[in-house]
Structure formats: structure tokens, C-alpha cells
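Asker: Just one file: input08.csv, with CSV, C-alpha atoms.
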```
chain,number,residue,atom,x,y,z
R,1,MET,CA,86.3,-27.8,11.5
R,2,ASP,CA,86.7,-24.5,9.7
R,3,GLU,CA,87.4,-21.6,12.1
R,4,ASN,CA,87.9,-19.1,9.3
R,5,PRO,CA,84.9,-16.7,9.2
R,6,THR,CA,83.1,-16.3,5.9
R,7,HIS,CA,80.4,-13.8,4.8
R,8,HIS,CA,76.8,-15.0,4.7
R,9,SER,CA,73.3,-13.6,4.6
R,10,PHE,CA,71.2,-14.8,7.5
R,11,VAL,CA,67.5,-15.7,7.0
R,12,ILE,CA,65.7,-16.7,10.1
R,13,ALA,CA,62.0,-17.8,9.9
R,14,ASP,CA,60.2,-18.2,13.2
R,15,ILE,CA,56.6,-19.5,13.6
R,16,GLU,CA,54.3,-17.3,15.6
R,17,GLY,CA,52.7,-19.1,18.6
R,18,TYR,CA,54.3,-22.4,17.9
R,19,GLY,CA,54.5,-23.5,21.6
R,20,ARG,CA,50.8,-23.2,22.2
R,21,ARG,CA,50.0,-25.7,19.4
R,22,SER,CA,49.3,-29.4,19.9
R,23,ASP,CA,52.1,-31.8,19.1
R,24,GLU,CA,50.3,-32.9,16.0
R,25,ASP,CA,49.9,-29.3,14.8
R,26,GLN,CA,53.6,-28.6,15.6
R,27,ARG,CA,54.6,-31.6,13.5
R,28,TRP,CA,52.5,-30.5,10.6
R,29,LEU,CA,53.7,-26.8,10.9
R,30,ARG,CA,57.3,-27.9,10.8
R,31,ASN,CA,56.8,-29.8,7.5
R,32,GLU,CA,54.8,-26.9,6.1
R,33,LEU,CA,57.5,-24.4,7.2
R,34,TYR,CA,60.1,-26.2,5.2
R,35,TRP,CA,57.8,-26.6,2.2
R,36,VAL,CA,56.9,-22.9,2.2
R,37,LEU,CA,60.6,-21.8,2.7
R,38,GLN,CA,62.0,-24.1,0.0
R,39,THR,CA,59.3,-23.2,-2.5
R,40,SER,CA,59.9,-19.5,-1.8
R,41,LEU,CA,63.7,-19.7,-2.0
R,42,ALA,CA,63.5,-21.6,-5.3
R,43,LYS,CA,61.1,-19.0,-6.8
R,44,ALA,CA,63.4,-16.2,-5.5
R,45,ASP,CA,66.5,-17.9,-6.9
R,46,VAL,CA,68.1,-18.0,-3.4
R,47,PRO,CA,70.1,-21.2,-2.8
R,48,PHE,CA,68.9,-23.6,-0.1
R,49,THR,CA,71.7,-25.7,1.2
R,50,PRO,CA,70.8,-28.3,3.9
R,51,SER,CA,74.4,-28.1,5.4
R,52,LEU,CA,73.9,-24.3,5.9
R,53,THR,CA,70.6,-24.8,7.7
R,54,GLN,CA,70.0,-25.1,11.4
R,55,ASP,CA,66.6,-26.3,12.7
R,56,ARG,CA,65.4,-24.8,16.0
R,57,GLY,CA,62.0,-26.6,16.3
R,58,ASP,CA,59.8,-23.5,15.8
R,59,SER,CA,62.3,-21.8,13.6
R,60,VAL,CA,64.9,-22.3,10.9
R,61,ILE,CA,68.2,-20.5,10.5
R,62,LEU,CA,69.3,-20.4,6.9
R,63,LEU,CA,72.8,-19.3,6.0
R,64,VAL,CA,73.0,-18.0,2.4
R,65,PRO,CA,76.5,-17.8,0.8
R,66,GLY,CA,77.6,-14.2,0.4
R,67,THR,CA,77.7,-14.7,-3.3
R,68,ALA,CA,73.9,-14.8,-3.5
R,69,PRO,CA,72.4,-11.4,-4.3
R,70,LYS,CA,70.9,-9.8,-1.2
R,71,ARG,CA,68.2,-8.2,-3.3
R,72,ASN,CA,66.8,-11.7,-4.1
R,73,ILE,CA,66.6,-12.3,-0.4
R,74,GLY,CA,65.3,-8.9,0.7
R,75,ASP,CA,62.8,-8.4,-2.2
R,76,ALA,CA,61.9,-11.6,-4.1
R,77,LEU,CA,62.1,-14.0,-1.2
R,78,VAL,CA,59.9,-11.7,1.0
R,79,GLN,CA,57.3,-11.4,-1.7
R,80,HIS,CA,57.3,-15.2,-2.6
R,81,LEU,CA,57.2,-16.1,1.1
R,82,ASP,CA,54.2,-13.8,1.7
R,83,ARG,CA,52.4,-15.4,-1.3
R,84,GLU,CA,53.1,-18.9,-0.1
R,85,LEU,CA,51.9,-18.1,3.4
R,86,THR,CA,48.7,-16.7,1.9
R,87,ARG,CA,48.2,-20.0,0.0
R,88,HIS,CA,48.9,-21.9,3.2
R,89,ALA,CA,46.4,-19.8,5.2
R,90,ARG,CA,43.7,-20.6,2.6
R,91,ARG,CA,44.2,-24.3,3.1
R,92,SER,CA,44.6,-24.2,6.9
R,93,SER,CA,42.2,-24.0,9.8
R,94,GLU,CA,43.0,-21.3,12.3
R,95,PRO,CA,44.8,-23.6,14.8
R,96,ALA,CA,47.2,-24.6,12.0
R,97,ARG,CA,47.6,-21.2,10.4
R,98,MET,CA,51.3,-20.3,10.0
R,99,ARG,CA,52.5,-16.7,10.5
R,100,LEU,CA,56.2,-16.0,10.5
R,101,ARG,CA,58.7,-13.5,11.8
R,102,LEU,CA,61.4,-13.2,9.2
R,103,ALA,CA,64.7,-11.7,10.3
R,104,LEU,CA,67.4,-10.6,7.7
R,105,HIS,CA,71.0,-9.7,8.5
R,106,ALA,CA,74.4,-10.4,7.0
R,107,GLY,CA,77.9,-10.8,8.4
R,108,GLU,CA,80.7,-13.1,9.3
R,109,VAL,CA,80.2,-16.6,10.6
R,110,ALA,CA,82.5,-19.6,11.3
R,111,ARG,CA,81.9,-23.3,11.7
R,112,ASP,CA,83.0,-25.3,14.7
R,113,GLY,CA,82.5,-29.0,15.2
R,114,ARG,CA,78.9,-28.5,16.2
R,115,GLY,CA,77.5,-25.7,14.0
R,116,TRP,CA,77.8,-22.1,13.1
R,117,ILE,CA,79.0,-19.4,15.4
R,118,GLY,CA,79.5,-15.7,15.3
R,119,ARG,CA,78.4,-12.4,16.7
R,120,ASP,CA,76.6,-11.5,13.5
R,121,LEU,CA,74.6,-14.7,13.6
R,122,ASN,CA,73.7,-13.9,17.2
R,123,THR,CA,72.4,-10.5,16.1
R,124,ALA,CA,70.2,-12.2,13.4
R,125,CYS,CA,68.7,-14.5,16.1
R,126,ARG,CA,68.0,-11.6,18.4
R,127,LEU,CA,66.2,-9.8,15.5
R,128,ALA,CA,63.8,-12.7,15.1
R,129,ASP,CA,62.9,-12.5,18.8
R,130,LEU,CA,62.6,-8.8,18.9
R,131,PRO,CA,59.5,-7.8,20.9
R,132,SER,CA,58.6,-5.1,18.4
R,133,ALA,CA,58.4,-7.7,15.6
R,134,ARG,CA,56.1,-9.9,17.7
R,135,GLU,CA,53.9,-6.9,18.5
R,136,ALA,CA,53.8,-5.8,14.9
R,137,LEU,CA,52.6,-9.2,13.7
R,138,ALA,CA,50.1,-9.4,16.6
R,139,ALA,CA,48.7,-6.0,15.6
R,140,GLU,CA,48.0,-7.2,12.0
R,141,PRO,CA,45.8,-10.3,12.3
R,142,ASP,CA,45.4,-10.5,8.5
R,143,ALA,CA,49.1,-10.4,7.8
R,144,ASN,CA,51.1,-13.6,7.3
R,145,LEU,CA,54.5,-12.2,7.9
R,146,VAL,CA,56.6,-9.5,9.6
R,147,VAL,CA,60.0,-8.7,8.2
R,148,VAL,CA,62.6,-7.4,10.6
R,149,VAL,CA,66.0,-6.3,9.3
R,150,SER,CA,69.1,-5.0,10.9
R,151,ASP,CA,70.2,-1.5,10.4
R,152,VAL,CA,73.2,-2.8,8.3
R,153,TRP,CA,70.7,-4.7,6.0
R,154,PHE,CA,68.5,-1.6,5.7
R,155,ARG,CA,71.4,0.7,4.8
R,156,THR,CA,73.1,-1.7,2.4
R,157,VAL,CA,70.1,-3.5,0.7
R,158,VAL,CA,66.9,-1.6,1.2
R,159,ARG,CA,67.8,2.1,1.2
R,160,PRO,CA,70.0,2.2,-1.9
R,161,ASP,CA,67.1,0.7,-4.0
R,162,PRO,CA,64.3,3.2,-4.6
R,163,VAL,CA,62.0,0.4,-5.6
R,164,LEU,CA,62.4,-1.4,-2.3
R,165,VAL,CA,62.1,1.9,-0.3
R,166,ASP,CA,58.8,2.7,-2.1
R,167,HIS,CA,57.5,-0.8,-2.1
R,168,PHE,CA,58.3,-1.8,1.5
R,169,GLU,CA,57.1,0.5,4.3
R,170,PHE,CA,59.8,0.0,7.0
R,171,ARG,CA,59.6,1.7,10.3
R,172,ARG,CA,62.6,2.1,12.6
R,173,VAL,CA,62.4,0.5,16.1
R,174,PRO,CA,64.8,0.2,19.0
R,175,PHE,CA,66.9,-2.9,19.0
R,176,VAL,CA,68.2,-3.1,22.6
R,177,VAL,CA,68.6,-6.7,23.8
R,178,LYS,CA,71.4,-8.3,25.7
R,179,GLU,CA,74.7,-7.1,24.2
R,180,ILE,CA,73.0,-5.0,21.4
R,181,ASP,CA,72.1,-1.4,21.6
R,182,ASP,CA,71.1,-0.3,18.1
R,183,HIS,CA,67.9,-0.1,16.0
R,184,ALA,CA,66.2,-2.3,13.5
R,185,TRP,CA,63.6,-1.9,10.7
R,186,ILE,CA,60.2,-3.6,10.5
R,187,HIS,CA,57.9,-4.1,7.6
R,188,VAL,CA,54.5,-6.0,7.6
R,189,PRO,CA,53.4,-7.0,4.2
R,190,ARG,CA,49.6,-6.4,4.0
R,191,ARG,CA,47.2,-8.4,2.0
R,192,SER,CA,45.9,-6.7,-1.1
R,193,SER,CA,42.3,-7.8,-1.3
```
How does the structure come out when it is put into C-alpha cells?

Answerer:
Amino acid sequence: MDENPTHHSFVIADIEGYGRRSDEDQRWLRNELYWVLQTSLAKADVPFTPSLTQDRGDSVILLVPGTAPKRNIGDALVQHLDRELTRHARRSSEPARMRLRLALHAGEVARDGRGWIGRDLNTACRLADLPSAREALAAEPDANLVVVVSDVWFRTVVRPDPVLVDHFEFRRVPFVVKEIDDHAWIHVPRRSS
């Protein structure tokens, strides 16, 4: 057990509408989620470490070591994930289409005997469940993905990079849930037809 906190980036991918799917579709979607994530991570040069991964049924929590460039996560991973989800959608019927809420945050996390703990990880999980993210994805039926990032991520990864600011159209939304009273930033990649 290592109780010393270490810095990580948090990537949380949550499947939209998972609970309303049949058991068979859920099984298939879970396999597809891992395939899409691992393919996208490899293409973005972001490490995938099974011991730093927590499965939540309809979602996956990835802890990425703090040494991995956040730009690879916030730019390349998002773009590759959107492309892989587009490929997935072309091969899937509507009941098995996978759309994701992707939350990005970074901070300190420690490991106890059962898993990872820390306030920053809690914040990342709350981002993935943010009602504004759910609503943004629901409002764009052709989109495959909504990206929601913490204000810290936006200020340290997105805003300093003019290419990211121009490329991704983020909008600021309230982030008020449980113990959090802040704001977050949402981007919905749109298909270029």
C-alpha cells in the first residue's frame, strides 16, 4: 500500500445510455470501449497501464502518469478517440452505437489496498457525470463524444496553446455538485461531412 500521493492525469470515459441497453449489448459495448480507448491511446502516444485502470461497468477511469504530456491527452487522444468512435458508429446498429462523455483533469492521487483515492480523482469522476455534459451530448445526435475538462485543465493545457484554443470550441459551464462549487469547460467535436 502506497499512501504517498503522486501526480496523474485522469481520463474518464463513460458510455452514454449504457443502462438502458440489453445485457448482450452491454457486454459488446464494454469490449468495444476498451478497444476504442486502447487504440486511441496508442495512436496518441498516451500510455495505457492496466494497473492504473479502474473499470466501472459503463465507464473506465484511466490514471496516466504525470510524466505523460497533457497535450497528447487533451489534443491527440481526443481527436483519435473521436475518429475511432466514428469508425465504430459506421459498423454499429443504433442500439449498439457508442457515444462517450470524456472527462479530463489532473492532480494528486494515492493508492490504498483497494484502489486509488483522492479529492482530485473525485473531481474527475464528478466531471464525467456533469448534467451539462450529458445535455451537450444529447443536444448533438450526430456527435460521438463530449469532452468536459476542469478549469485547472483548461487553464494549464488548453488556454496556453493557441492551436487548441482555436481548434476546440469550449464553453464554460457551472460545475456545482456535492462538495464542488466551480466551473468546467465543455467541447463537442462535430463531424466534418

Asker: Give me the residues near stretch 75-81 of chain R as a list of chain:residue names, where near means some atom within 10 Å (using all atoms listed in the file) and where sequence neighbours in that chain fewer than 5 positions away do not count.

Answerer: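 My reading of the contact set: R:Val11, R:Val36, R:Leu37, R:Gln38, R:Thr39, R:Ser40, R:Leu41, R:Ala42, R:Lys43, R:Ala44, R:Asp45, R:Val46, R:Lys70, R:Thr86, R:Arg87, R:Leu100, R:Leu102, R:Asn144, R:Leu145, R:Val146, R:Val147, R:Val157, R:Val158, R:Val163, R:Leu164, R:His167, R:Phe168, R:Pro189.
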
Asker: To one decimal place, how far is atom CA of R:His187 from atom CA of R:Ala136 in Å?

Answerer: 8.5 Å

Asker: Write out as a ChimeraX atom specification the residues lying within 8 Å of stretch 56-65 of chain R, counting all atoms listed in the file and excluding same-chain residues fewer than 3 positions away.

Answerer: /R:7-15,18-19,30,46-49,52-53,68

Asker: Convert the current residue selection to file output with C-alpha atoms, as a PDB file, in the coordinates of the input.

Answerer:
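Final output, result_32.pdb:
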```pdb
ATOM      1  CA  HIS R   7      80.400 -13.800   4.800  1.00  0.00           C
ATOM      2  CA  HIS R   8      76.800 -15.000   4.700  1.00  0.00           C
ATOM      3  CA  SER R   9      73.300 -13.600   4.600  1.00  0.00           C
ATOM      4  CA  PHE R  10      71.200 -14.800   7.500  1.00  0.00           C
ATOM      5  CA  VAL R  11      67.500 -15.700   7.000  1.00  0.00           C
ATOM      6  CA  ILE R  12      65.700 -16.700  10.100  1.00  0.00           C
ATOM      7  CA  ALA R  13      62.000 -17.800   9.900  1.00  0.00           C
ATOM      8  CA  ASP R  14      60.200 -18.200  13.200  1.00  0.00           C
ATOM      9  CA  ILE R  15      56.600 -19.500  13.600  1.00  0.00           C
ATOM     10  CA  TYR R  18      54.300 -22.400  17.900  1.00  0.00           C
ATOM     11  CA  GLY R  19      54.500 -23.500  21.600  1.00  0.00           C
ATOM     12  CA  ARG R  30      57.300 -27.900  10.800  1.00  0.00           C
ATOM     13  CA  VAL R  46      68.100 -18.000  -3.400  1.00  0.00           C
ATOM     14  CA  PRO R  47      70.100 -21.200  -2.800  1.00  0.00           C
ATOM     15  CA  PHE R  48      68.900 -23.600  -0.100  1.00  0.00           C
ATOM     16  CA  THR R  49      71.700 -25.700   1.200  1.00  0.00           C
ATOM     17  CA  LEU R  52      73.900 -24.300   5.900  1.00  0.00           C
ATOM     18  CA  THR R  53      70.600 -24.800   7.700  1.00  0.00           C
ATOM     19  CA  ALA R  68      73.900 -14.800  -3.500  1.00  0.00           C
TER      20      ALA R  68
END
```

Asker: Can you pull out the residues contacting R:Arg126? Cut-off 9 Å, using only C-alpha atoms, and skip same-chain residues under 2 positions away; I want them as a count of residues only.

Answerer: 12

Asker: Which residues come within 10 Å of R:Asp142, counting only C-alpha atoms, excluding same-chain residues fewer than 3 positions away, as a VMD selection string?

Answerer: chain R and resid 86 89 99 137 to 139 145 189 to 191

Asker: Considering only C-alpha atoms, state which residue in the set R:Glu32, R:Glu3, R:Asp55, R:Asp23 is at the smallest distance from R:Met98.

Answerer: R:Glu32

Asker: Compare R:Glu169, R:His88, R:Ala106, R:Ser93 by their minimum atom-to-atom distance to R:Pro69, counting only C-alpha atoms, and give me the closest one.

Answerer: R:Ala106

Asker: To one decimal in Å, tell me the separation between atom CA of R:Arg134 and atom CA of R:Ile73.

Answerer: 21.1 Å

Asker: Which is closest to R:Pro131 among R:Ile186, R:Ala96, R:Val109, R:Val152, if we use only C-alpha atoms?

Answerer: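 Using only C-alpha atoms, R:Pro131 sits closest to R:Ile186.
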
Asker: So how many Å separate atom CA of R:Tyr34 and atom CA of R:Ala110, to one decimal?

Answerer: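 About the pair atom CA of R:Tyr34 and atom CA of R:Ala110: they are 24.1 Å apart.
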
Asker: Place N, CA, C and O atoms on stretch 90-109 of chain R and deliver the coordinates as a PDB file, in the frame of the given file.

Answerer:
```pdb
ATOM      1  N   ARG R  90      44.956 -20.183   3.259  1.00  0.00           N
ATOM      2  CA  ARG R  90      43.700 -20.600   2.600  1.00  0.00           C
ATOM      3  C   ARG R  90      43.377 -22.039   2.766  1.00  0.00           C
ATOM      4  O   ARG R  90      42.224 -22.432   2.705  1.00  0.00           O
ATOM      5  N   ARG R  91      44.399 -22.857   2.955  1.00  0.00           N
ATOM      6  CA  ARG R  91      44.200 -24.300   3.100  1.00  0.00           C
ATOM      7  C   ARG R  91      44.212 -24.765   4.541  1.00  0.00           C
ATOM      8  O   ARG R  91      44.071 -25.959   4.807  1.00  0.00           O
ATOM      9  N   SER R  92      44.388 -23.850   5.474  1.00  0.00           N
ATOM     10  CA  SER R  92      44.600 -24.200   6.900  1.00  0.00           C
ATOM     11  C   SER R  92      43.441 -23.730   7.758  1.00  0.00           C
ATOM     12  O   SER R  92      42.907 -22.646   7.537  1.00  0.00           O
ATOM     13  N   SER R  93      43.141 -24.517   8.772  1.00  0.00           N
ATOM     14  CA  SER R  93      42.200 -24.000   9.800  1.00  0.00           C
ATOM     15  C   SER R  93      43.005 -23.079  10.700  1.00  0.00           C
ATOM     16  O   SER R  93      44.239 -23.061  10.690  1.00  0.00           O
ATOM     17  N   GLU R  94      42.303 -22.306  11.489  1.00  0.00           N
ATOM     18  CA  GLU R  94      43.000 -21.300  12.300  1.00  0.00           C
ATOM     19  C   GLU R  94      44.007 -21.927  13.283  1.00  0.00           C
ATOM     20  O   GLU R  94      45.100 -21.379  13.424  1.00  0.00           O
ATOM     21  N   PRO R  95      43.744 -23.074  13.912  1.00  0.00           N
ATOM     22  CA  PRO R  95      44.800 -23.600  14.800  1.00  0.00           C
ATOM     23  C   PRO R  95      46.072 -24.003  14.078  1.00  0.00           C
ATOM     24  O   PRO R  95      47.121 -24.094  14.693  1.00  0.00           O
ATOM     25  N   ALA R  96      45.990 -24.228  12.770  1.00  0.00           N
ATOM     26  CA  ALA R  96      47.200 -24.600  12.000  1.00  0.00           C
ATOM     27  C   ALA R  96      47.687 -23.540  11.082  1.00  0.00           C
ATOM     28  O   ALA R  96      48.580 -23.782  10.273  1.00  0.00           O
ATOM     29  N   ARG R  97      47.139 -22.330  11.208  1.00  0.00           N
ATOM     30  CA  ARG R  97      47.600 -21.200  10.400  1.00  0.00           C
ATOM     31  C   ARG R  97      49.058 -20.881  10.768  1.00  0.00           C
ATOM     32  O   ARG R  97      49.395 -20.837  11.944  1.00  0.00           O
ATOM     33  N   MET R  98      49.874 -20.622   9.776  1.00  0.00           N
ATOM     34  CA  MET R  98      51.300 -20.300  10.000  1.00  0.00           C
ATOM     35  C   MET R  98      51.538 -18.844   9.668  1.00  0.00           C
ATOM     36  O   MET R  98      51.322 -18.429   8.536  1.00  0.00           O
ATOM     37  N   ARG R  99      51.997 -18.113  10.664  1.00  0.00           N
ATOM     38  CA  ARG R  99      52.500 -16.700  10.500  1.00  0.00           C
ATOM     39  C   ARG R  99      53.911 -16.704  10.921  1.00  0.00           C
ATOM     40  O   ARG R  99      54.278 -17.358  11.894  1.00  0.00           O
ATOM     41  N   LEU R 100      54.735 -15.931  10.218  1.00  0.00           N
ATOM     42  CA  LEU R 100      56.200 -16.000  10.500  1.00  0.00           C
ATOM     43  C   LEU R 100      56.733 -14.599  10.843  1.00  0.00           C
ATOM     44  O   LEU R 100      56.290 -13.569  10.330  1.00  0.00           O
ATOM     45  N   ARG R 101      57.763 -14.648  11.673  1.00  0.00           N
ATOM     46  CA  ARG R 101      58.700 -13.500  11.800  1.00  0.00           C
ATOM     47  C   ARG R 101      59.904 -13.877  11.027  1.00  0.00           C
ATOM     48  O   ARG R 101      60.504 -14.926  11.227  1.00  0.00           O
ATOM     49  N   LEU R 102      60.258 -13.006  10.099  1.00  0.00           N
ATOM     50  CA  LEU R 102      61.400 -13.200   9.200  1.00  0.00           C
ATOM     51  C   LEU R 102      62.461 -12.192   9.533  1.00  0.00           C
ATOM     52  O   LEU R 102      62.205 -10.995   9.407  1.00  0.00           O
ATOM     53  N   ALA R 103      63.639 -12.636   9.946  1.00  0.00           N
ATOM     54  CA  ALA R 103      64.700 -11.700  10.300  1.00  0.00           C
ATOM     55  C   ALA R 103      65.804 -11.850   9.162  1.00  0.00           C
ATOM     56  O   ALA R 103      66.132 -12.954   8.724  1.00  0.00           O
ATOM     57  N   LEU R 104      66.322 -10.695   8.729  1.00  0.00           N
ATOM     58  CA  LEU R 104      67.400 -10.600   7.700  1.00  0.00           C
ATOM     59  C   LEU R 104      68.548  -9.838   8.211  1.00  0.00           C
ATOM     60  O   LEU R 104      68.384  -8.723   8.710  1.00  0.00           O
ATOM     61  N   HIS R 105      69.721 -10.391   8.046  1.00  0.00           N
ATOM     62  CA  HIS R 105      71.000  -9.700   8.500  1.00  0.00           C
ATOM     63  C   HIS R 105      72.080 -10.387   7.650  1.00  0.00           C
ATOM     64  O   HIS R 105      71.865 -11.393   6.967  1.00  0.00           O
ATOM     65  N   ALA R 106      73.259  -9.842   7.715  1.00  0.00           N
ATOM     66  CA  ALA R 106      74.400 -10.400   7.000  1.00  0.00           C
ATOM     67  C   ALA R 106      75.661 -10.160   7.840  1.00  0.00           C
ATOM     68  O   ALA R 106      75.725  -9.199   8.600  1.00  0.00           O
ATOM     69  N   GLY R 107      76.643 -11.041   7.672  1.00  0.00           N
ATOM     70  CA  GLY R 107      77.900 -10.800   8.400  1.00  0.00           C
ATOM     71  C   GLY R 107      78.753 -12.087   8.342  1.00  0.00           C
ATOM     72  O   GLY R 107      78.534 -13.010   7.563  1.00  0.00           O
ATOM     73  N   GLU R 108      79.699 -12.085   9.229  1.00  0.00           N
ATOM     74  CA  GLU R 108      80.700 -13.100   9.300  1.00  0.00           C
ATOM     75  C   GLU R 108      80.245 -14.262  10.217  1.00  0.00           C
ATOM     76  O   GLU R 108      79.672 -14.000  11.274  1.00  0.00           O
ATOM     77  N   VAL R 109      80.541 -15.495   9.811  1.00  0.00           N
ATOM     78  CA  VAL R 109      80.200 -16.600  10.600  1.00  0.00           C
ATOM     79  C   VAL R 109      81.263 -17.724  10.390  1.00  0.00           C
ATOM     80  O   VAL R 109      81.820 -17.829   9.304  1.00  0.00           O
TER      81      VAL R 109
END
```
